[in-house]
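Shown next: final35.tsv, given as TSV, C-alpha atoms.
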```
chain	number	residue	atom	x	y	z
A	1	MET	CA	3.85	32.85	-83.64
A	2	LEU	CA	5.18	35.63	-81.47
A	3	LEU	CA	2.30	35.10	-79.06
A	4	TYR	CA	3.16	31.37	-78.84
A	5	PHE	CA	6.83	32.16	-78.11
A	6	ILE	CA	5.94	34.64	-75.36
A	7	THR	CA	3.60	32.07	-73.75
A	8	CYS	CA	6.29	29.32	-73.71
A	9	VAL	CA	8.93	31.59	-72.24
A	10	SER	CA	6.57	32.77	-69.52
A	11	PHE	CA	5.63	29.21	-68.65
A	12	PHE	CA	9.31	28.18	-68.45
A	13	LEU	CA	10.15	31.09	-66.14
A	14	PHE	CA	7.25	30.13	-63.90
A	15	LEU	CA	8.39	26.50	-63.58
A	16	LYS	CA	12.11	27.21	-63.15
A	17	PRO	CA	12.04	27.61	-59.30
A	18	LEU	CA	10.21	24.32	-59.03
A	19	LEU	CA	12.52	22.39	-61.33
A	20	PHE	CA	15.66	23.21	-59.35
A	21	LEU	CA	14.37	22.59	-55.83
A	22	LYS	CA	16.83	20.71	-53.61
A	23	PRO	CA	15.74	17.16	-52.68
A	24	LEU	CA	14.48	16.58	-49.14
A	25	PRO	CA	17.10	15.35	-46.69
A	26	SER	CA	17.08	11.66	-45.68
A	27	TRP	CA	15.84	12.38	-42.17
A	28	ALA	CA	12.65	13.94	-43.47
A	29	SER	CA	11.06	10.56	-44.13
A	30	GLU	CA	12.07	9.39	-40.64
A	31	VAL	CA	10.44	12.40	-39.04
A	32	ARG	CA	7.32	11.67	-41.01
A	33	LEU	CA	7.33	8.05	-39.77
A	34	ILE	CA	7.73	9.19	-36.15
A	35	SER	CA	4.88	11.64	-36.59
A	36	LEU	CA	2.68	8.91	-38.04
A	37	SER	CA	3.62	6.54	-35.18
A	38	LEU	CA	2.75	9.09	-32.53
A	39	LYS	CA	-0.48	9.82	-34.33
A	40	SER	CA	-1.25	6.09	-34.47
A	41	ILE	CA	-0.59	5.61	-30.75
A	42	SER	CA	-2.75	8.59	-29.94
A	43	GLN	CA	-5.52	7.21	-32.14
A	44	LEU	CA	-5.10	3.80	-30.48
A	45	PHE	CA	-5.57	5.16	-26.96
A	46	ARG	CA	-8.50	7.27	-28.01
A	47	ASN	CA	-10.25	4.33	-29.62
A	48	GLN	CA	-9.24	1.37	-27.46
A	49	PHE	CA	-9.35	2.54	-23.83
A	50	LEU	CA	-12.49	3.03	-21.80
A	51	VAL	CA	-11.88	3.55	-18.04
A	52	GLY	CA	-8.55	1.80	-18.33
A	53	PHE	CA	-9.93	-1.26	-20.14
A	54	PRO	CA	-8.61	-1.94	-23.69
A	55	TYR	CA	-10.73	-3.46	-26.32
A	56	GLN	CA	-10.31	-4.09	-30.08
A	57	ILE	CA	-12.24	-1.83	-32.40
A	58	SER	CA	-13.67	-3.70	-35.33
A	59	THR	CA	-15.44	-0.90	-37.19
A	60	ARG	CA	-14.27	0.01	-40.65
A	61	MET	CA	-14.77	3.00	-42.83
A	62	SER	CA	-17.38	2.89	-45.53
A	63	LEU	CA	-16.46	1.74	-49.05
A	64	GLY	CA	-17.23	5.13	-50.54
A	65	LYS	CA	-14.74	6.93	-48.28
A	66	LYS	CA	-12.09	4.35	-49.12
A	67	THR	CA	-12.22	5.26	-52.79
A	68	LEU	CA	-11.94	8.98	-52.04
A	69	HIS	CA	-9.16	8.90	-49.42
A	70	THR	CA	-7.23	5.68	-50.02
A	71	SER	CA	-3.93	6.53	-48.34
A	72	LYS	CA	-5.55	8.19	-45.33
A	73	VAL	CA	-7.91	5.27	-44.78
A	74	GLU	CA	-5.02	2.80	-44.84
A	75	ASN	CA	-3.37	4.62	-41.92
A	76	VAL	CA	-6.61	4.62	-39.96
A	77	GLU	CA	-7.18	0.91	-40.61
A	78	ASP	CA	-3.64	0.11	-39.49
A	79	THR	CA	-4.33	1.94	-36.23
A	80	GLN	CA	-7.66	0.16	-35.75
A	81	ASP	CA	-6.00	-3.22	-36.27
A	82	MET	CA	-3.51	-2.49	-33.50
A	83	SER	CA	-4.01	-3.71	-29.94
A	84	VAL	CA	-2.42	-2.57	-26.71
A	85	LEU	CA	0.08	-5.42	-27.06
A	86	ASP	CA	1.46	-3.75	-30.20
A	87	LEU	CA	2.78	-0.89	-28.12
A	88	PRO	CA	6.49	-0.81	-27.28
A	89	GLU	CA	7.30	-2.80	-24.16
A	90	LEU	CA	8.43	0.26	-22.21
A	91	VAL	CA	5.26	2.19	-23.08
A	92	LEU	CA	3.02	-0.69	-22.03
A	93	GLU	CA	4.95	-1.10	-18.78
A	94	CYS	CA	4.53	2.60	-17.96
A	95	ILE	CA	0.78	2.32	-18.57
A	96	LEU	CA	0.42	-0.68	-16.27
A	97	GLU	CA	2.43	1.00	-13.52
A	98	ARG	CA	-0.07	3.87	-13.44
A	99	LEU	CA	-3.21	1.75	-13.24
A	100	PRO	CA	-5.04	1.32	-9.91
A	101	PRO	CA	-5.52	-2.20	-8.52
A	102	SER	CA	-9.07	-2.54	-9.87
A	103	SER	CA	-7.92	-1.68	-13.40
A	104	LEU	CA	-5.03	-4.15	-13.16
A	105	CYS	CA	-7.58	-6.84	-12.37
A	106	GLN	CA	-9.57	-5.67	-15.38
A	107	MET	CA	-6.53	-5.88	-17.62
A	108	ALA	CA	-5.69	-9.35	-16.30
A	109	GLY	CA	-8.98	-10.61	-17.75
A	110	VAL	CA	-8.25	-9.54	-21.32
A	111	CYS	CA	-5.83	-12.24	-22.42
A	112	HIS	CA	-3.07	-14.53	-21.18
A	113	SER	CA	-0.29	-12.17	-22.22
A	114	LEU	CA	-1.73	-9.20	-20.31
A	115	ARG	CA	-2.51	-11.39	-17.34
A	116	GLU	CA	1.13	-12.45	-17.04
A	117	ARG	CA	2.11	-8.79	-16.92
A	118	CYS	CA	-0.68	-7.60	-14.61
A	119	VAL	CA	-0.08	-10.16	-11.86
A	120	SER	CA	3.68	-9.53	-11.63
A	121	ASP	CA	4.97	-8.68	-8.16
A	122	HIS	CA	6.73	-5.43	-9.08
A	123	LEU	CA	3.41	-3.83	-10.09
A	124	TRP	CA	1.63	-4.84	-6.90
A	125	GLU	CA	4.49	-4.06	-4.50
A	126	ARG	CA	3.93	-0.34	-5.12
A	127	HIS	CA	0.21	-0.65	-4.34
A	128	MET	CA	0.98	-2.75	-1.26
A	129	LYS	CA	3.41	-0.18	0.09
A	130	GLN	CA	1.16	2.76	-0.75
A	131	LYS	CA	-1.98	1.44	0.98
A	132	TRP	CA	-0.77	-1.14	3.50
A	133	GLY	CA	2.79	-0.08	4.28
A	134	GLY	CA	1.81	1.71	7.50
A	135	VAL	CA	0.04	-1.28	9.08
A	136	ILE	CA	1.86	-4.25	7.58
A	137	GLY	CA	5.25	-5.19	9.01
A	138	PRO	CA	7.62	-8.18	9.13
A	139	VAL	CA	5.37	-9.96	11.64
A	140	ALA	CA	2.39	-9.80	9.27
A	141	PHE	CA	4.58	-10.92	6.38
A	142	ARG	CA	5.67	-14.01	8.30
A	143	GLU	CA	2.06	-14.72	9.17
A	144	TRP	CA	1.15	-14.54	5.47
A	145	LYS	CA	4.00	-16.89	4.54
A	146	TRP	CA	2.82	-19.36	7.15
A	147	HIS	CA	-0.72	-19.04	5.81
A	148	VAL	CA	0.49	-19.76	2.25
A	149	ALA	CA	2.57	-22.72	3.41
A	150	SER	CA	-0.40	-24.22	5.26
A	151	LYS	CA	-2.55	-23.96	2.14
A	152	ARG	CA	0.13	-25.70	0.11
A	153	SER	CA	0.38	-28.52	2.61
A	154	VAL	CA	-3.34	-29.14	2.42
A	155	GLY	CA	-3.19	-29.15	-1.38
A	156	SER	CA	-5.98	-28.48	-3.82
A	157	ALA	CA	-6.97	-29.24	-7.38
A	158	ARG	CA	-6.05	-26.80	-10.11
A	159	HIS	CA	-9.60	-25.61	-10.67
A	160	GLY	CA	-9.92	-25.08	-6.92
A	161	LYS	CA	-7.01	-22.67	-6.98
A	162	GLN	CA	-8.56	-20.88	-9.93
A	163	ARG	CA	-11.86	-20.44	-8.15
A	164	ASN	CA	-9.98	-19.18	-5.10
A	165	PHE	CA	-8.30	-16.46	-7.19
A	166	MET	CA	-11.59	-15.34	-8.69
A	167	ARG	CA	-13.25	-15.42	-5.27
A	168	LEU	CA	-10.59	-13.03	-3.91
A	169	VAL	CA	-11.00	-10.71	-6.88
A	170	SER	CA	-14.78	-10.72	-6.71
A	171	PHE	CA	-14.74	-9.98	-2.97
A	172	SER	CA	-12.42	-7.04	-3.53
A	173	TRP	CA	-14.04	-5.57	-6.62
A	174	PRO	CA	-17.45	-7.16	-7.31
A	175	PHE	CA	-18.05	-5.26	-10.55
A	176	SER	CA	-19.84	-6.38	-13.68
A	177	TRP	CA	-16.60	-6.65	-15.62
A	178	MET	CA	-15.45	-9.55	-13.47
A	179	ARG	CA	-17.68	-12.05	-15.29
A	180	VAL	CA	-15.84	-15.21	-16.25
A	181	LYS	CA	-16.89	-18.02	-18.54
A	182	VAL	CA	-17.13	-21.46	-16.93
A	183	ASP	CA	-17.10	-24.74	-18.85
A	184	ALA	CA	-18.91	-27.98	-18.07
A	185	ASN	CA	-16.32	-28.97	-15.46
A	186	ASN	CA	-16.80	-25.65	-13.66
A	187	SER	CA	-13.23	-24.61	-14.47
A	188	ILE	CA	-12.34	-21.06	-15.33
A	189	LYS	CA	-11.25	-20.56	-18.91
A	190	GLN	CA	-9.84	-17.08	-18.77
A	191	PHE	CA	-7.51	-17.42	-15.78
A	192	SER	CA	-4.81	-19.86	-14.84
A	193	SER	CA	-4.10	-20.31	-11.15
A	194	LEU	CA	-2.68	-17.28	-9.36
A	195	PRO	CA	0.40	-18.14	-7.27
A	196	ASN	CA	-0.60	-18.09	-3.61
A	197	ASP	CA	2.67	-16.46	-2.60
A	198	SER	CA	2.35	-13.57	-5.09
A	199	VAL	CA	2.04	-9.99	-3.89
A	200	MET	CA	-1.25	-9.68	-5.78
A	201	ALA	CA	-2.73	-12.64	-3.87
A	202	TRP	CA	-1.63	-11.05	-0.58
A	203	TYR	CA	-3.07	-7.68	-1.56
A	204	LEU	CA	-6.43	-9.21	-2.53
A	205	ALA	CA	-6.55	-11.27	0.68
A	206	LEU	CA	-6.03	-8.10	2.73
A	207	GLU	CA	-8.44	-6.04	0.65
A	208	SER	CA	-11.22	-8.60	0.92
A	209	GLY	CA	-10.81	-8.98	4.70
A	210	ASN	CA	-10.20	-12.73	4.42
A	211	PHE	CA	-6.73	-12.54	5.93
A	212	TRP	CA	-6.37	-11.56	9.60
A	213	PHE	CA	-2.98	-9.98	10.15
A	214	PRO	CA	-1.11	-8.96	13.33
A	215	ALA	CA	-0.78	-5.23	14.01
A	216	GLN	CA	-1.12	-2.80	16.92
A	217	VAL	CA	-4.03	-0.53	17.89
A	218	TYR	CA	-3.71	2.84	19.60
A	219	ASN	CA	-6.13	3.55	22.48
A	220	ARG	CA	-7.83	0.17	22.26
A	221	GLU	CA	-11.51	-0.44	22.94
A	222	ASN	CA	-12.62	2.86	21.40
A	223	GLY	CA	-10.33	4.98	23.53
A	224	HIS	CA	-11.34	3.53	26.89
A	225	VAL	CA	-9.86	5.62	29.69
A	226	GLY	CA	-7.97	2.58	30.99
A	227	PHE	CA	-6.01	2.33	27.72
A	228	MET	CA	-5.44	6.00	26.91
A	229	LEU	CA	-2.06	6.63	25.22
A	230	SER	CA	-1.28	2.96	24.85
A	231	CYS	CA	-0.84	0.63	21.91
A	232	TYR	CA	-1.78	-3.08	22.07
A	233	ASP	CA	-1.27	-6.05	19.78
A	234	ALA	CA	-4.28	-7.47	17.99
A	235	GLU	CA	-5.37	-9.40	14.92
A	236	LEU	CA	-6.91	-7.11	12.31
A	237	SER	CA	-9.33	-7.66	9.45
A	238	TYR	CA	-10.20	-4.98	6.89
A	239	ASP	CA	-13.77	-4.07	5.96
A	240	PRO	CA	-13.74	-2.69	2.38
A	241	HIS	CA	-17.32	-1.40	2.69
A	242	THR	CA	-16.57	0.97	5.58
A	243	ASP	CA	-12.80	1.39	5.05
A	244	THR	CA	-12.28	0.48	8.72
A	245	PHE	CA	-10.95	-2.52	10.64
A	246	GLN	CA	-12.11	-5.13	13.10
A	247	ALA	CA	-9.72	-6.10	15.91
A	248	ARG	CA	-9.46	-9.25	18.02
A	249	TYR	CA	-7.45	-8.76	21.21
A	250	PRO	CA	-5.91	-11.88	22.76
A	251	PRO	CA	-7.54	-13.27	25.93
A	252	HIS	CA	-5.95	-12.61	29.30
A	253	GLY	CA	-6.80	-13.99	32.71
A	254	ARG	CA	-10.44	-14.92	32.84
A	255	ARG	CA	-11.30	-12.44	30.13
A	256	ALA	CA	-12.28	-13.89	26.75
A	257	VAL	CA	-11.23	-12.52	23.38
A	258	SER	CA	-12.19	-8.86	23.07
A	259	ILE	CA	-13.48	-7.61	19.70
A	260	GLU	CA	-13.57	-3.99	18.55
A	261	HIS	CA	-15.22	-2.71	15.36
A	262	ASP	CA	-14.91	0.36	13.10
A	263	ILE	CA	-11.26	1.14	13.84
A	264	PRO	CA	-9.92	3.87	11.51
A	265	TRP	CA	-6.55	3.70	9.76
A	266	GLU	CA	-4.97	6.39	11.96
A	267	ARG	CA	-5.31	4.20	15.06
A	268	LEU	CA	-3.24	1.36	13.59
A	269	ARG	CA	0.45	0.74	13.14
A	270	ALA	CA	2.78	-2.10	12.26
A	271	PRO	CA	4.58	-3.53	15.32
A	272	PRO	CA	7.79	-1.49	15.67
A	273	VAL	CA	9.71	-4.37	17.29
A	274	ASP	CA	9.56	-8.11	16.79
A	275	THR	CA	8.52	-8.97	20.35
A	276	PRO	CA	5.42	-11.10	21.10
A	277	PRO	CA	2.89	-9.38	23.41
A	278	HIS	CA	3.63	-11.70	26.37
A	279	ASP	CA	7.44	-11.46	26.10
A	280	LEU	CA	9.75	-8.92	27.68
A	281	HIS	CA	11.41	-6.61	25.17
A	282	ILE	CA	15.19	-6.40	25.59
A	283	SER	CA	16.00	-2.72	26.05
A	284	ASP	CA	19.05	-1.44	24.18
A	285	CYS	CA	18.64	2.31	24.76
A	286	LEU	CA	18.99	2.63	28.54
A	287	ASN	CA	22.44	4.22	28.44
A	288	ASP	CA	21.23	6.79	25.90
A	289	LEU	CA	18.22	8.05	27.84
A	290	HIS	CA	18.29	11.72	28.89
A	291	PRO	CA	15.65	14.00	30.43
A	292	SER	CA	12.96	15.08	27.90
A	293	ASP	CA	13.53	12.02	25.70
A	294	HIS	CA	10.32	10.42	24.47
A	295	ILE	CA	9.86	6.72	25.14
A	296	GLU	CA	7.47	3.81	24.92
A	297	ILE	CA	7.52	1.25	27.72
A	298	GLN	CA	5.84	-2.11	28.11
A	299	TRP	CA	3.25	-2.33	30.86
A	300	ARG	CA	0.75	-4.97	31.94
A	301	ARG	CA	-1.73	-5.21	34.77
A	302	ASN	CA	-0.52	-8.60	36.01
A	303	LYS	CA	1.53	-11.56	34.86
A	304	GLU	CA	-1.37	-13.10	32.94
A	305	PHE	CA	-1.97	-10.00	30.82
A	306	PRO	CA	-0.16	-9.22	27.54
A	307	TYR	CA	2.05	-6.17	27.42
A	308	GLY	CA	0.94	-2.92	25.89
A	309	TRP	CA	3.22	-0.07	24.81
A	310	TRP	CA	2.64	3.14	26.80
A	311	TYR	CA	3.84	6.62	25.93
A	312	GLY	CA	5.95	8.66	28.35
A	313	VAL	CA	8.95	10.97	28.70
A	314	VAL	CA	12.18	10.80	30.67
A	315	GLY	CA	12.06	13.14	33.68
A	316	HIS	CA	14.49	14.57	36.22
A	317	LEU	CA	15.42	13.15	39.59
A	318	GLU	CA	13.83	14.77	42.64
A	319	SER	CA	17.26	16.07	43.63
A	320	CYS	CA	17.61	17.87	40.26
A	321	ASP	CA	16.11	21.29	39.63
A	322	GLY	CA	16.01	20.75	35.86
A	323	ASN	CA	18.80	23.20	35.06
A	324	GLU	CA	20.63	21.78	32.05
A	325	ASN	CA	23.96	23.28	33.14
A	326	TYR	CA	23.94	21.37	36.43
A	327	CYS	CA	21.80	18.32	35.55
A	328	LEU	CA	23.43	14.97	36.39
A	329	CYS	CA	20.37	12.79	35.67
A	330	LYS	CA	21.90	11.33	32.52
A	331	SER	CA	24.77	9.83	34.53
A	332	SER	CA	22.60	8.39	37.29
A	333	ASP	CA	21.79	4.69	37.54
A	334	THR	CA	18.15	5.61	38.14
A	335	VAL	CA	15.93	6.71	35.24
A	336	VAL	CA	12.75	8.65	35.98
A	337	LEU	CA	9.78	8.06	33.69
A	338	GLU	CA	6.81	10.45	33.61
A	339	PHE	CA	3.35	9.95	32.16
A	340	ASN	CA	2.00	13.46	31.94
A	341	GLN	CA	-1.47	12.44	30.78
A	342	TYR	CA	-2.18	11.72	34.47
A	343	THR	CA	-2.64	14.23	37.26
A	344	PRO	CA	0.47	15.06	39.40
A	345	ASP	CA	-0.89	13.13	42.38
A	346	SER	CA	-1.86	10.02	40.39
A	347	ARG	CA	0.02	6.80	41.17
A	348	TRP	CA	0.47	6.31	37.42
A	349	ARG	CA	2.16	9.68	36.91
A	350	ARG	CA	5.74	8.72	37.77
A	351	THR	CA	7.96	5.65	38.13
A	352	THR	CA	11.66	4.79	38.20
A	353	ILE	CA	13.71	2.02	36.65
A	354	SER	CA	17.32	0.86	36.88
A	355	ARG	CA	19.57	1.90	34.03
A	356	LYS	CA	22.15	-0.89	34.51
A	357	ASP	CA	20.04	-3.87	35.51
A	358	HIS	CA	16.56	-3.27	34.15
A	359	ARG	CA	14.18	-6.22	34.06
A	360	GLU	CA	10.45	-6.39	34.57
A	361	GLU	CA	9.68	-4.23	37.61
A	362	GLY	CA	6.46	-3.64	39.52
A	363	ASN	CA	3.81	-5.35	41.63
A	364	GLU	CA	0.21	-6.52	41.48
A	365	GLY	CA	-1.04	-3.15	42.68
A	366	ASP	CA	0.73	-0.83	40.23
A	367	GLY	CA	1.31	-3.27	37.40
A	368	PHE	CA	4.55	-4.41	35.82
A	369	TYR	CA	6.87	-2.30	33.65
A	370	GLY	CA	8.85	-4.08	30.96
A	371	GLY	CA	11.16	-3.13	28.11
A	372	ILE	CA	11.75	0.43	26.88
A	373	ARG	CA	12.33	1.86	23.43
A	374	LYS	CA	13.33	5.41	22.60
A	375	ILE	CA	11.14	7.00	19.92
A	376	GLU	CA	11.31	9.92	17.52
A	377	ASN	CA	9.03	9.37	14.52
A	378	GLU	CA	6.01	8.35	16.61
A	379	ILE	CA	5.96	11.49	18.80
A	380	SER	CA	3.55	13.39	16.55
A	381	ILE	CA	1.12	10.46	16.56
A	382	TRP	CA	1.07	10.31	20.36
A	383	LYS	CA	0.54	14.08	20.53
A	384	HIS	CA	-2.41	13.74	18.16
A	385	LEU	CA	-3.94	11.06	20.43
A	386	TRP	CA	-3.44	13.14	23.58
A	387	PRO	CA	-6.62	13.08	25.75
A	388	SER	CA	-8.71	16.21	25.98
A	389	GLU	CA	-8.76	15.95	29.80
A	390	VAL	CA	-6.10	14.99	32.33
A	391	LEU	CA	-6.56	11.45	33.65
A	392	ASP	CA	-6.70	10.48	37.32
```
Here is a file; write its structure as structure tokens.
Amino acid sequence: MLLYFITCVSFFLFLKPLLFLKPLPSWASEVRLISLSLKSISQLFRNQFLVGFPYQISTRMSLGKKTLHTSKVENVEDTQDMSVLDLPELVLECILERLPPSSLCQMAGVCHSLRERCVSDHLWERHMKQKWGGVIGPVAFREWKWHVASKRSVGSARHGKQRNFMRLVSFSWPFSWMRVKVDANNSIKQFSSLPNDSVMAWYLALESGNFWFPAQVYNRENGHVGFMLSCYDAELSYDPHTDTFQARYPPHGRRAVSIEHDIPWERLRAPPVDTPPHDLHISDCLNDLHPSDHIEIQWRRNKEFPYGWWYGVVGHLESCDGNENYCLCKSSDTVVLEFNQYTPDSRWRRTTISRKDHREEGNEGDGFYGGIRKIENEISIWKHLWPSEVLD
């Protein structure tokens, strides 16, 4: 009896700390739910993404494991039943914003809901600016709008528009994942028509090389000595296989259209001003020009030629010794322009223009000088293109 009493007392003393434990606070269950949610999302990404492409996992755990770990298996099955569309809207949006263009096209082929998200303009505007912002300007944008309007005026059947979208995508990224089911009427089942005026359509048209856009080319015709340190308007088409461009220069005089191949990105720029190549640019910087300022000036060989933009600097008058304390060149009506890529005795080395009444000036022998623009951001580019030898 004594032994039984001692055993009961000992057992009671052992259980006492456990009997009077304080209950868990209310936020403990919430923390547990958050932890499970994060774990589920992590499991979802690990199971459902392969190179940026989501897919539903249909595998299930074996029946024997279910009986041993019931609660744990239920959590796993819940995660496996989830799709990427079950993620919070903000999380899904962040994922799509970080995908490259090829993966966005992949995602657009999953379902209608993802397609509506993946073709939205705000996703493609970032890619457009990142890759094409340096060569695409307002002039190219207007050209694209005109191109879209002309396609609308012609009109096409719905399935024709759908095939056009898939043709653009397949030209840009002809990968195995771009297979699409076609029914008896040859209409695409997975995709509805992509709006022609969408940023995605413009991006794919540029990427595939189907759209020729206006831009300017430094040192045209592979750096021909006659065009050194100049920049001319042209129509450009991108070659995705070589990551270079093809240029078509407008005809002039008796000369037909000139074509140049394999132009790298660093020799291209968007037109800095909205002036057609045959029109005189209206100069608005003449009163602000001082010696040592960097400029670009229009020049053409004769009246039938288009203008090109040529790099130069503002120089001093012959009567000025270059001393800044006594220099009066900035107040003179005559502005001296120097092209230091030429030798001092070259006829192309130096010219003068009128500050107050500047129009096109020149003659058939020396060419014609047009509008002027003062530059700052482009100076480093011109320095990079500087010829290795002085020109005659």
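Comparing the minimum interatomic distances between Phe141 (chain A) and each of A:Ser292, A:Ser102, A:Ser198, A:Ser113, counting all atoms listed in the file, we find that A:Ser198 sits nearest.
In this comparison, which uses all atoms listed in the file, the residue of A:Asp239, A:Asp279, A:Glu378, A:Asp284 approaching His261 (chain A) most closely is A:Asp239.
You can rank A:Gly367, A:Gly223, A:Pro271, A:Pro344 by their closest distance to Phe305 (chain A) using all atoms listed in the file, and at the top of that list sits A:Gly367.
Distances here use all atoms listed in the file; by that measure, the residue among A:His358, A:His294, A:His281, A:Arg255 closest to Ile379 (chain A) is A:His294.
With all atoms listed in the file as the atoms that count, the residue of A:His252, A:Cys285, A:Glu364, A:Met228 with the shortest distance to Ser388 (chain A) is A:Met228.
CA of Ser120 (chain A) is positioned 7.9 Å from CA of Val199 (chain A).
Residues in contact range of region 200-206 of chain A, defined as at most 7 Å between all atoms listed in the file, with sequence neighbours fewer than 2 positions away removed, read Val119, Asp121, Trp124, Met128, Leu168, Val169, Ser172, Asn196, Asp197, Ser198, Ser208, Gly209, Asn210, Phe211 and Tyr238 of chain A.
Counting from CA of Ala256 (chain A), the distance to CA of Asn363 (chain A) is 23.5 Å.
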Selected residue, from A:Ser237, A:Gln298, A:Trp265, A:Ala108, that lies nearest to Leu96 (chain A) when counting all atoms listed in the file: A:Ala108
Contact residues around Gly370 (chain A) with all atoms listed in the file at 9 Å, ignoring same-chain residues under 2 positions, as a ChimeraX atom specification: /A:279-283,297-300,307,358-362,368,372
Within-10 Å shell of (4.2, -5.8, 10.1) in input frame, all atoms listed in the file, as a PyMOL selection string: chain A and resi 132-143+213-216+269-274
